[in-house]
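*Asks:* The structure file my_file01.txt (compact mmCIF, C-alpha atoms) is provided below.
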```txt
# COMPACT_ATOMS: atom_id res chain seq x y z
CA MET A 1 -16.40 -17.19 38.06
CA HIS A 2 -16.61 -20.66 39.57
CA ARG A 3 -14.94 -21.96 36.44
CA PHE A 4 -11.75 -20.41 37.76
CA ALA A 5 -12.21 -21.77 41.27
CA ASN A 6 -10.13 -24.77 40.31
CA PRO A 7 -6.52 -23.82 41.11
CA ALA A 8 -5.15 -26.14 38.44
CA ARG A 9 -7.20 -24.45 35.74
CA PHE A 10 -6.33 -21.04 37.15
CA LEU A 11 -2.65 -21.91 37.08
CA ARG A 12 -2.87 -23.05 33.45
CA ILE A 13 -4.44 -19.76 32.43
CA ALA A 14 -2.21 -17.68 34.68
CA ARG A 15 0.96 -19.29 33.33
CA VAL A 16 0.12 -17.96 29.86
CA LEU A 17 -1.29 -14.65 31.05
CA THR A 18 1.48 -13.59 33.44
CA PRO A 19 4.27 -13.01 30.89
CA LEU A 20 1.75 -11.74 28.35
CA LEU A 21 0.35 -9.04 30.65
CA THR A 22 3.73 -8.13 32.09
CA LEU A 23 5.57 -7.85 28.78
CA ILE A 24 2.83 -6.02 26.87
CA GLY A 25 2.30 -3.78 29.90
CA LEU A 26 6.00 -2.96 30.17
CA GLY A 27 6.11 -2.24 26.45
CA LEU A 28 3.10 0.07 26.55
CA ALA A 29 4.32 1.83 29.69
CA ALA A 30 7.77 2.28 28.17
CA ALA A 31 6.24 3.71 25.00
CA GLY A 32 3.96 5.99 27.00
CA LEU A 33 6.82 7.19 29.19
CA TRP A 34 9.11 7.68 26.19
CA ILE A 35 6.56 9.81 24.38
CA GLY A 36 5.63 11.52 27.63
CA LEU A 37 9.18 12.35 28.64
CA PHE A 38 10.76 13.17 25.29
CA ALA A 39 8.23 13.52 22.50
CA SER A 40 5.39 15.47 24.07
CA PRO A 41 5.20 19.23 24.54
CA PRO A 42 5.74 20.82 27.97
CA ASP A 43 2.69 22.38 29.59
CA TYR A 44 2.19 26.10 28.90
CA GLN A 45 1.83 26.69 32.62
CA GLN A 46 3.64 23.91 34.44
CA GLY A 47 6.51 23.46 32.01
CA ASP A 48 8.35 20.15 32.12
CA SER A 49 7.04 19.16 35.55
CA VAL A 50 3.77 18.14 33.86
CA ARG A 51 5.59 15.01 32.71
CA ILE A 52 5.29 13.57 36.23
CA MET A 53 1.63 13.13 35.30
CA TYR A 54 2.47 10.12 33.12
CA VAL A 55 3.54 8.21 36.22
CA HIS A 56 1.32 9.94 38.76
CA VAL A 57 -2.09 9.44 37.13
CA PRO A 58 -1.67 5.69 36.47
CA ALA A 59 -0.39 5.26 40.04
CA ALA A 60 -3.42 7.11 41.43
CA TRP A 61 -5.80 5.01 39.34
CA LEU A 62 -4.14 1.74 40.36
CA ALA A 63 -4.07 2.80 44.01
CA SER A 64 -7.83 3.26 44.20
CA GLY A 65 -8.67 0.60 41.61
CA GLY A 66 -6.44 -1.83 43.48
CA TYR A 67 -8.27 -1.19 46.74
CA LEU A 68 -11.60 -1.77 45.02
CA GLY A 69 -10.30 -4.98 43.46
CA MET A 70 -9.03 -6.12 46.85
CA ALA A 71 -12.43 -5.42 48.41
CA ILE A 72 -14.26 -7.32 45.64
CA ALA A 73 -11.90 -10.27 46.02
CA SER A 74 -12.46 -10.14 49.79
CA ALA A 75 -16.24 -10.14 49.33
CA VAL A 76 -15.96 -13.16 47.03
CA ALA A 77 -13.72 -14.87 49.58
CA LEU A 78 -16.23 -14.23 52.37
CA VAL A 79 -19.40 -15.11 50.51
CA TRP A 80 -18.33 -18.05 48.38
CA ARG A 81 -15.35 -19.20 50.46
CA HIS A 82 -13.36 -19.02 47.27
CA PRO A 83 -9.76 -19.94 48.22
CA LEU A 84 -8.33 -18.19 45.17
CA ALA A 85 -10.13 -14.96 46.08
CA ALA A 86 -8.40 -14.78 49.46
CA ILE A 87 -5.08 -15.31 47.71
CA ALA A 88 -5.98 -12.66 45.12
CA ALA A 89 -6.85 -10.06 47.77
CA ARG A 90 -3.53 -10.66 49.55
CA ALA A 91 -1.69 -10.54 46.24
CA ILE A 92 -3.23 -7.19 45.30
CA ALA A 93 -2.67 -5.44 48.64
CA PRO A 94 1.12 -4.82 48.60
CA VAL A 95 1.07 -3.87 44.91
CA GLY A 96 -1.76 -1.41 45.52
CA ALA A 97 0.05 0.00 48.53
CA LEU A 98 3.20 0.43 46.44
CA PHE A 99 1.29 2.36 43.76
CA THR A 100 -0.33 4.51 46.46
CA ALA A 101 3.14 5.35 47.71
CA ILE A 102 4.33 6.06 44.14
CA CYS A 103 1.31 8.33 43.67
CA LEU A 104 2.09 10.23 46.88
CA VAL A 105 5.80 10.58 46.17
CA SER A 106 5.35 11.61 42.53
CA GLY A 107 2.61 14.04 43.56
CA SER A 108 4.81 15.61 46.18
CA LEU A 109 7.73 15.90 43.73
CA TRP A 110 5.34 17.65 41.36
CA GLY A 111 4.10 19.89 44.15
CA LYS A 112 7.56 21.26 44.97
CA PRO A 113 8.06 23.25 41.74
CA THR A 114 4.35 23.88 41.19
CA TRP A 115 3.03 24.71 44.64
CA GLY A 116 6.39 25.55 46.19
CA THR A 117 6.12 22.83 48.83
CA TYR A 118 6.35 19.06 48.99
CA TRP A 119 3.15 18.67 50.91
CA VAL A 120 -0.09 20.56 51.27
CA TRP A 121 -3.07 19.25 53.18
CA ASP A 122 -5.08 19.21 50.01
CA ALA A 123 -8.18 17.02 50.12
CA ARG A 124 -6.99 14.61 47.46
CA LEU A 125 -3.50 14.25 48.90
CA THR A 126 -4.96 13.61 52.32
CA SER A 127 -7.37 10.96 51.01
CA MET A 128 -4.48 9.20 49.29
CA LEU A 129 -2.48 9.25 52.51
CA VAL A 130 -5.41 7.70 54.38
CA LEU A 131 -5.73 5.10 51.62
CA LEU A 132 -2.08 4.17 52.19
CA PHE A 133 -2.78 3.76 55.91
CA LEU A 134 -5.78 1.55 55.10
CA TYR A 135 -3.56 -0.62 52.89
CA LEU A 136 -0.94 -0.86 55.64
CA GLY A 137 -3.56 -1.85 58.22
CA TYR A 138 -4.85 -4.55 55.87
CA LEU A 139 -1.33 -5.84 55.19
CA ALA A 140 -0.49 -5.99 58.90
CA LEU A 141 -3.71 -7.81 59.75
CA ALA A 142 -3.39 -10.23 56.82
CA SER A 143 0.18 -11.16 57.69
CA ALA A 144 -0.67 -11.64 61.38
CA GLU A 145 -3.59 -13.84 60.38
CA ASP A 146 -1.57 -15.93 57.95
CA GLU A 147 1.05 -16.45 60.63
CA ARG A 148 -1.69 -17.69 62.96
CA HIS A 149 -3.07 -20.09 60.35
CA GLY A 150 0.23 -21.46 59.13
CA GLY A 151 0.31 -19.45 55.93
CA ASP A 152 -3.08 -20.53 54.61
CA PRO A 153 -4.91 -17.34 53.54
CA ALA A 154 -8.24 -19.12 53.09
CA GLN A 155 -8.48 -19.73 56.86
CA GLY A 156 -8.68 -16.21 58.19
CA LYS A 157 -11.63 -13.93 57.54
CA GLY A 158 -10.46 -10.87 59.44
CA ALA A 159 -8.46 -9.27 56.66
CA ALA A 160 -11.36 -9.69 54.23
CA ILE A 161 -13.77 -8.11 56.70
CA LEU A 162 -11.37 -5.21 57.24
CA ALA A 163 -11.12 -4.64 53.48
CA LEU A 164 -14.91 -4.49 53.24
CA VAL A 165 -15.24 -2.15 56.23
CA GLY A 166 -12.57 0.00 54.61
CA VAL A 167 -14.38 0.18 51.31
CA VAL A 168 -17.62 1.16 53.06
CA ASN A 169 -15.76 3.83 55.00
CA LEU A 170 -13.72 5.14 52.11
CA PRO A 171 -16.46 7.45 50.70
CA ILE A 172 -17.13 8.76 54.22
CA ILE A 173 -13.42 9.41 54.74
CA LYS A 174 -13.18 11.11 51.36
CA PHE A 175 -16.19 13.30 52.09
CA SER A 176 -14.99 14.20 55.58
CA VAL A 177 -11.54 15.13 54.28
CA GLU A 178 -13.05 17.39 51.62
CA TRP A 179 -15.36 18.94 54.20
CA TRP A 180 -12.43 19.50 56.56
CA ASN A 181 -10.33 20.99 53.79
CA THR A 182 -12.94 23.56 52.76
CA LEU A 183 -13.43 24.36 56.43
CA HIS A 184 -9.80 25.12 57.11
CA GLN A 185 -8.33 26.53 53.94
CA GLY A 186 -9.20 27.24 50.39
CA PRO A 187 -7.48 25.13 47.79
CA SER A 188 -3.91 26.42 47.57
CA ILE A 189 -3.71 26.50 43.82
CA THR A 190 -6.26 25.17 41.44
CA LEU A 191 -4.95 24.54 38.00
CA THR A 192 -8.01 24.97 35.89
CA LYS A 193 -7.72 21.69 34.15
CA SER A 194 -9.17 22.31 30.74
CA THR A 195 -9.22 19.61 28.12
CA ILE A 196 -5.96 17.76 27.85
CA ASP A 197 -4.14 18.28 24.60
CA PRO A 198 -4.14 15.17 22.34
CA ALA A 199 -0.34 15.28 22.33
CA MET A 200 -0.46 14.64 26.09
CA LEU A 201 -3.48 12.35 26.05
CA LEU A 202 -1.78 9.69 23.94
CA PRO A 203 1.20 9.05 26.26
CA LEU A 204 -1.12 9.26 29.28
CA MET A 205 -3.43 6.60 27.86
CA LEU A 206 -0.46 4.42 26.87
CA SER A 207 1.10 4.54 30.32
CA LEU A 208 -2.31 4.05 31.98
CA ALA A 209 -2.92 0.89 29.96
CA GLY A 210 0.68 -0.24 30.39
CA PHE A 211 0.83 0.17 34.16
CA THR A 212 -2.57 -1.49 34.54
CA LEU A 213 -1.39 -4.54 32.60
CA VAL A 214 1.83 -4.67 34.64
CA PHE A 215 -0.30 -4.48 37.80
CA GLY A 216 -2.35 -7.45 36.60
CA GLY A 217 0.79 -9.37 35.66
CA VAL A 218 2.43 -8.77 39.04
CA VAL A 219 -0.74 -9.77 40.88
CA LEU A 220 -0.92 -13.02 38.87
CA MET A 221 2.77 -13.61 39.59
CA ARG A 222 2.20 -13.18 43.30
CA MET A 223 -0.87 -15.45 43.21
CA ARG A 224 1.11 -18.18 41.44
CA ALA A 225 3.90 -17.83 43.97
CA ALA A 226 1.40 -18.10 46.83
CA LEU A 227 -0.15 -21.23 45.31
CA ALA A 228 3.29 -22.72 44.76
CA ARG A 229 4.16 -22.07 48.41
CA THR A 230 0.99 -23.84 49.54
CA ARG A 231 1.85 -26.79 47.30
CA THR A 232 5.41 -27.14 48.54
CA ALA A 233 4.19 -26.92 52.12
CA ALA A 234 1.63 -29.67 51.44
CA ARG A 235 4.23 -31.83 49.71
CA GLY A 236 6.64 -31.32 52.60
CA ARG A 237 3.95 -32.46 55.03
CA ARG A 238 3.17 -35.53 52.92
CA LEU A 239 6.84 -36.51 52.72
CA ALA A 240 7.31 -35.96 56.44
CA GLU A 241 4.35 -38.25 57.12
CA ALA A 242 5.60 -40.89 54.68
CA TYR A 243 9.03 -41.09 56.30
CA ALA A 244 7.84 -40.70 59.87
CA MET B 1 -34.30 -10.47 77.80
CA ILE B 2 -30.90 -11.97 77.06
CA PHE B 3 -29.55 -8.78 75.52
CA ILE B 4 -30.07 -6.71 78.65
CA ARG B 5 -28.68 -9.51 80.80
CA LEU B 6 -25.54 -9.56 78.66
CA VAL B 7 -25.11 -5.80 79.02
CA ARG B 8 -25.63 -6.01 82.77
CA ARG B 9 -23.16 -8.87 83.07
CA ASP B 10 -20.52 -6.91 81.14
CA LEU B 11 -21.12 -3.82 83.24
CA ALA B 12 -20.95 -5.78 86.50
CA LEU B 13 -17.67 -7.35 85.40
CA ALA B 14 -16.29 -3.95 84.41
CA LEU B 15 -17.29 -2.39 87.74
CA ARG B 16 -15.44 -5.13 89.61
CA ARG B 17 -12.20 -3.92 88.10
CA PRO B 18 -12.34 -0.13 88.45
CA GLY B 19 -8.63 0.06 87.67
CA ALA B 20 -9.21 -1.20 84.15
CA LEU B 21 -12.02 1.32 83.70
CA ALA B 22 -9.88 4.20 84.97
CA LEU B 23 -6.82 3.36 82.88
CA PRO B 24 -7.96 4.86 79.53
CA VAL B 25 -9.23 7.95 81.32
CA VAL B 26 -5.98 8.51 83.20
CA PHE B 27 -4.17 8.05 79.89
CA PHE B 28 -6.56 10.57 78.29
CA VAL B 29 -5.74 13.24 80.88
CA LEU B 30 -2.04 12.38 80.65
CA VAL B 31 -1.94 12.89 76.87
CA ALA B 32 -3.84 16.16 77.24
CA ALA B 33 -1.36 17.30 79.90
CA LEU B 34 1.54 16.37 77.63
CA PHE B 35 0.74 19.01 75.03
CA PRO B 36 1.47 22.11 77.11
CA PHE B 37 4.93 20.66 77.69
CA ALA B 38 5.35 20.04 73.98
CA VAL B 39 4.05 23.35 72.56
CA GLY B 40 4.69 25.67 75.50
CA PRO B 41 2.35 27.13 78.13
CA ASP B 42 1.04 30.00 75.97
CA ALA B 43 -2.65 30.15 76.90
CA ARG B 44 -3.79 31.42 73.50
CA VAL B 45 -2.09 28.63 71.57
CA LEU B 46 -3.37 26.03 74.02
CA ALA B 47 -6.95 27.30 73.84
CA ARG B 48 -6.77 27.17 70.05
CA ILE B 49 -5.54 23.59 69.84
CA ALA B 50 -7.45 22.31 72.90
CA PRO B 51 -10.42 20.67 71.07
CA GLY B 52 -8.11 18.89 68.66
CA VAL B 53 -5.78 17.75 71.43
CA ILE B 54 -8.68 16.44 73.48
CA TRP B 55 -10.05 14.51 70.48
CA VAL B 56 -6.66 12.98 69.73
CA ALA B 57 -6.28 12.06 73.39
CA ALA B 58 -9.73 10.43 73.36
CA LEU B 59 -8.88 8.51 70.17
CA LEU B 60 -5.62 7.23 71.66
CA ALA B 61 -7.36 6.36 74.92
CA SER B 62 -9.97 4.36 73.02
CA LEU B 63 -7.18 2.09 71.75
CA LEU B 64 -6.02 1.07 75.23
CA PRO B 65 -8.80 -1.38 76.13
CA VAL B 66 -8.66 -3.19 72.77
CA GLU B 67 -6.61 -6.14 74.02
CA THR B 68 -8.92 -6.85 76.95
CA LEU B 69 -12.17 -6.22 75.10
CA VAL B 70 -12.70 -9.54 73.30
CA ALA B 71 -9.58 -11.69 73.47
CA PRO B 72 -10.06 -12.92 77.09
CA ASP B 73 -13.61 -14.08 76.31
CA VAL B 74 -12.34 -15.97 73.29
CA ALA B 75 -9.48 -17.50 75.27
CA ASP B 76 -11.46 -18.65 78.32
CA GLY B 77 -14.33 -20.09 76.33
CA THR B 78 -17.04 -17.58 77.32
CA LEU B 79 -17.77 -17.01 73.66
CA ASP B 80 -18.13 -20.77 73.04
CA GLN B 81 -20.68 -20.93 75.85
CA ILE B 82 -22.60 -18.05 74.26
CA VAL B 83 -22.65 -19.87 70.94
CA VAL B 84 -23.63 -23.19 72.55
CA ARG B 85 -26.57 -21.50 74.23
CA GLY B 86 -27.80 -20.46 70.81
CA ILE B 87 -27.26 -16.76 71.33
CA ALA B 88 -26.37 -14.98 68.11
CA LEU B 89 -22.86 -13.57 68.16
CA GLU B 90 -24.34 -10.33 66.83
CA THR B 91 -26.36 -10.05 70.04
CA TRP B 92 -23.23 -10.56 72.08
CA THR B 93 -21.18 -8.00 70.13
CA ALA B 94 -24.00 -5.42 70.28
CA ALA B 95 -24.29 -5.92 74.05
CA ARG B 96 -20.52 -5.68 74.45
CA LEU B 97 -20.54 -2.49 72.38
CA ILE B 98 -23.09 -0.81 74.64
CA ALA B 99 -21.37 -1.95 77.82
CA HIS B 100 -17.98 -0.88 76.52
CA TRP B 101 -19.30 2.51 75.47
CA LEU B 102 -20.80 3.10 78.93
CA GLY B 103 -17.58 2.01 80.61
CA PHE B 104 -15.42 4.13 78.32
CA ALA B 105 -17.40 7.28 77.52
CA VAL B 106 -18.90 8.06 80.91
CA PRO B 107 -15.55 8.20 82.80
CA LEU B 108 -14.09 10.09 79.83
CA LEU B 109 -16.79 12.75 80.03
CA VAL B 110 -16.25 12.98 83.79
CA ALA B 111 -12.53 13.59 83.18
CA LEU B 112 -13.17 16.06 80.37
CA PRO B 113 -13.35 19.15 82.64
CA VAL B 114 -9.91 18.25 84.04
CA ALA B 115 -8.40 18.09 80.57
CA GLY B 116 -10.30 21.26 79.66
CA VAL B 117 -8.84 23.18 82.60
CA LEU B 118 -5.31 21.95 81.85
CA LEU B 119 -5.57 23.20 78.29
CA GLY B 120 -7.57 26.35 79.03
CA LEU B 121 -10.52 25.23 76.91
CA PRO B 122 -12.88 28.23 76.55
CA ALA B 123 -16.24 26.43 76.44
CA LEU B 124 -16.76 22.91 77.72
CA GLY B 125 -20.35 22.34 76.56
CA PRO B 126 -19.96 21.91 72.78
CA LEU B 127 -16.97 19.60 73.14
CA ALA B 128 -18.75 17.49 75.75
CA LEU B 129 -21.69 17.13 73.39
CA ALA B 130 -19.38 16.24 70.51
CA LEU B 131 -17.55 13.65 72.60
CA ALA B 132 -20.85 12.17 73.76
CA LEU B 133 -21.91 11.84 70.11
CA GLY B 134 -18.54 10.65 68.84
CA THR B 135 -17.47 8.16 71.50
CA PRO B 136 -19.95 5.49 70.30
CA ALA B 137 -18.00 5.47 67.04
CA LEU B 138 -14.68 5.19 68.86
CA ALA B 139 -16.06 2.38 71.02
CA ALA B 140 -17.40 0.61 67.92
CA LEU B 141 -14.05 0.81 66.13
CA ALA B 142 -12.26 -0.48 69.23
CA LEU B 143 -14.65 -3.43 69.39
CA LEU B 144 -14.18 -4.12 65.69
CA ALA B 145 -10.39 -4.06 66.00
CA ALA B 146 -10.58 -6.21 69.13
CA SER B 147 -12.70 -8.81 67.31
CA LEU B 148 -10.46 -8.82 64.24
CA THR B 149 -7.33 -9.35 66.32
CA ALA B 150 -8.84 -11.51 69.10
CA SER B 151 -6.86 -14.65 68.27
CA LEU B 152 -3.75 -12.98 66.88
CA ARG B 153 -0.45 -12.21 68.51
CA GLY B 154 0.35 -8.53 69.02
CA GLY B 155 -3.29 -7.54 68.61
CA GLY B 156 -2.91 -4.23 70.40
CA ALA B 157 -0.32 -2.84 68.00
CA LEU B 158 -2.35 -4.03 65.02
CA ALA B 159 -5.48 -2.39 66.40
CA GLY B 160 -3.91 1.05 66.24
CA LEU B 161 -3.15 0.60 62.58
CA ILE B 162 -6.70 -0.59 61.94
CA VAL B 163 -8.59 2.01 63.97
CA VAL B 164 -6.79 5.27 63.24
CA PRO B 165 -7.56 5.64 59.49
CA LEU B 166 -11.17 4.54 60.01
CA ALA B 167 -11.62 7.00 62.89
CA LEU B 168 -10.57 9.96 60.78
CA PRO B 169 -14.11 11.17 59.87
CA VAL B 170 -15.12 11.09 63.54
CA LEU B 171 -12.08 13.14 64.45
CA ILE B 172 -12.69 15.67 61.67
CA PHE B 173 -16.37 16.19 62.44
CA GLY B 174 -15.72 16.15 66.18
CA VAL B 175 -13.11 18.89 66.04
CA GLY B 176 -15.11 20.96 63.55
CA ILE B 177 -18.17 21.24 65.77
CA ALA B 178 -18.27 25.00 65.31
CA ALA B 179 -19.13 24.55 61.62
CA PRO B 180 -22.78 24.21 60.63
CA GLY B 181 -23.94 20.64 60.24
CA ALA B 182 -20.87 19.13 61.90
CA LEU B 183 -22.76 17.70 64.86
CA ARG B 184 -25.21 16.01 62.55
CA LEU B 185 -22.40 14.57 60.42
CA LEU B 186 -20.68 13.38 63.59
CA ALA B 187 -23.86 11.71 64.78
CA ALA B 188 -24.33 10.16 61.35
CA SER B 189 -20.85 8.63 61.24
CA SER B 190 -21.37 7.36 64.77
CA LEU B 191 -24.66 5.76 63.75
CA VAL B 192 -23.12 4.09 60.69
CA LEU B 193 -20.29 2.61 62.72
CA VAL B 194 -22.55 1.50 65.57
CA ALA B 195 -24.96 -0.14 63.14
CA LEU B 196 -22.23 -1.83 61.12
CA THR B 197 -19.88 -3.00 63.86
CA PRO B 198 -21.90 -5.72 65.64
CA PHE B 199 -22.26 -7.58 62.34
CA ALA B 200 -18.67 -7.09 61.21
CA ALA B 201 -17.32 -8.00 64.65
CA ALA B 202 -19.52 -11.10 64.86
CA ALA B 203 -18.38 -12.20 61.40
CA ALA B 204 -14.77 -11.72 62.46
CA LEU B 205 -15.32 -13.78 65.64
CA ARG B 206 -16.96 -16.54 63.65
CA GLY B 207 -13.90 -16.64 61.42
CA SER B 208 -11.39 -16.89 64.24
CA ASP B 209 -11.30 -20.13 66.17
```
Spell out the structure here as structure tokens.
*Replies:*
Amino acid sequence: MHRFANPARFLRIARVLTPLLTLIGLGLAAAGLWIGLFASPPDYQQGDSVRIMYVHVPAAWLASGGYLGMAIASAVALVWRHPLAAIAARAIAPVGALFTAICLVSGSLWGKPTWGTYWVWDARLTSMLVLLFLYLGYLALASAEDERHGGDPAQGKGAAILALVGVVNLPIIKFSVEWWNTLHQGPSITLTKSTIDPAMLLPLMLSLAGFTLVFGGVVLMRMRAALARTRTAARGRRLAEAYA
Amino acid sequence: MIFIRLVRRDLALALRRPGALALPVVFFVLVAALFPFAVGPDARVLARIAPGVIWVAALLASLLPVETLVAPDVADGTLDQIVVRGIALETWTAARLIAHWLGFAVPLLVALPVAGVLLGLPALGPLALALALGTPALAALALLAASLTASLRGGGALAGLIVVPLALPVLIFGVGIAAPGALRLLAASSLVLVALTPFAAAAALRGSD
């Protein structure tokens, strides 16, 4: 891991990887969505609304996977004072929050024809909503901290600590929401999810892989942009000193 | 012992400004009194939502002291003196947590019967027990948010965004006290937060300068 601590080496690798991940990811996602939307059978029970799954499931996976990645990056930033890790955590957060929002919106669009309502206080929906709030809290704290430290994410530790506290609390929140849900109401409708048909599994896997690669590509893009901003700021300071 | 002296100092300082101690409690009663206006004075409806309303009011009240909990001590150099004396910041945050809990929860429990009467709460005892068990968690989260935002502008508004999602388990278990095992789960989440917070808050204070 320390091999990548050097920003110059990271930038060399990231320059190659960013378009690679983004383009392959977009291609896979497009293929998955094409098959999912046009060339796969409708569900025997849900009809065509099952096709929302090909966006919804990758979004759900990237929402929770993104939070975990953000927490790991934050831990690395705290323990090893790794400047790239702090940048990585801040680069992941808005993308993860966006996918959480996509997951919530696509889920609620699916819920309207299937459950008859846009929103039920189902345990999983509620956990996702709380996850979005956790992301938003992190984003607010991180941006306030960066403002305080003149845009240098390696200076502030608060956002990283909050991400770790969040990841410790996340299982407790998830459990409490499930406990609360069983206390108040039975699950509104449970679709007995048997094995997924191979005709649906293929597009799902394609779009999962595709969206994950796009996620990685966007995060690398944001990290490179953050590093570039730091560099221009440093160069501006140097020039200002030289001509002062 | 330095820990007890720190707690006593915090409590003495808090008692010198009774207005600051009363503020969250007045706010607590005010929020509880707001609900009958919002949902109508039907006694049955009010009695049904009373525990939830009181918990939400307590959660909102716990956010009020966030800006004065840590930031002034960072700004006036008290914290630097603590560090210079070789006292671990964890000791200071743990002492502040206990003092803050005493200054927040005790007045809140005193005001609870007032809120209970306003909302027509059927039985006061279980909710008082739940609040006594749950307020350490609320106090811990307030301290954590206060430490994270101590040197930032607009810390109070940030704190709400930080505390509310993390306080959700406490709220759920606190309102569901009628269910079996809820009190134990409430106590457990309180314990986790109380055990975790002094370290997280101290780490946050070490990071902010």
*Asks:* Would you kindly return, as a list in words, each protein, DNA or RNA residue with an atom no farther than 8 Å from any atom of segment 153-158 of chain A, considering all atoms listed in the file and excluding same-chain residues fewer than 5 positions away?
*Replies:*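 The residues satisfying every condition are Ala77, Leu78, Arg81, His82, Pro83, Leu84, Ala86, Ile87, Arg90, Leu141, Ala142, Glu145 and Asp146 of chain A; Leu148, Thr149, Ala203, Ala204, Gly207 and Ser208 of chain B.
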*Asks:* Which residues are near Leu79 of chain B? Cut-off 12 Å, all atoms listed in the file, ignore same chain within fewer than 2 positions. Put them as a PyMOL selection string.
*Replies:* chain B and resi 6+70-77+81-93+96+147+150+202+205-206+208-209
*Asks:* Pick from A:Tyr138, A:Ala14, A:Ala101, A:Ala242: nearest to Val165 of chain A, with all atoms listed in the file counted?
*Replies:*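 So, comparing all the options, the nearest one is A:Tyr138.
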*Asks:* How far is it from atom CA of Gly27 of chain A to atom CA of Leu202 of chain A, in Å with one decimal?
*Replies:*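 Separation of atom CA of Gly27 of chain A and atom CA of Leu202 of chain A: 14.5 Å.
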*Asks:* Within 9 Å of chain B, which residues of chain A are there when counting all atoms listed in the file? Please give them as a ChimeraX atom specification.
*Replies:* /A:130-131,133-134,136-138,140-141,144-145,147-148,155-159,161-162,165-166,169-170,172-177,179-180,183
*Asks:* Could you please determine the separation between atom CA of Ala178 of chain B and atom CA of Val194 of chain B in Å, to one decimal place?
*Replies:*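 It comes out at 23.9 Å.
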*Asks:* What is the atom CA of Ala195 of chain B to atom CA of Ile98 of chain B distance in Å?
*Replies:*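 Pair atom CA of Ala195 of chain B / atom CA of Ile98 of chain B returns 11.7 Å.
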*Asks:* Just need the box for segment 147-157 of chain A, edges along x, y and z, holding every atom the file lists for it with 6 Å tacked onto each side, so centre and edge lengths in Å to one decimal, as lines of an AutoDock Vina configuration file.
*Replies:*
```
center_x = -5.3
center_y = -17.7
center_z = 58.0
size_x = 24.7
size_y = 19.5
size_z = 21.9
```
*Asks:* Hey, which of A:Gly107, A:Gly25, A:Gly217, A:Gly32 ends up closest to Leu129 of chain A? Count all atoms listed in the file.
*Replies:*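 Among the listed residues, the smallest separation from Leu129 of chain A belongs to A:Gly107.
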*Asks:* Could you name the residues that touch Phe37 of chain B at 12 Å or less, counting all atoms listed in the file, but leaving out those on the same chain fewer than 5 positions away, as a PyMOL selection string?
*Replies:* chain B and resi 30-32+42+46+118-119
*Asks:* Find, counting all atoms listed in the file, the residue in B:Arg184, B:Thr68, B:Ala140, B:Ala43 that gets nearest to Arg17 of chain B.
*Replies:*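 Looking only at the distances to Arg17 of chain B, the closest residue turns out to be B:Thr68.
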*Asks:* So, with all atoms listed in the file as the atoms that count, which of B:Leu15, B:Leu108, B:Ala123, B:Leu143 lies closest to Trp55 of chain B?
*Replies:* B:Leu108
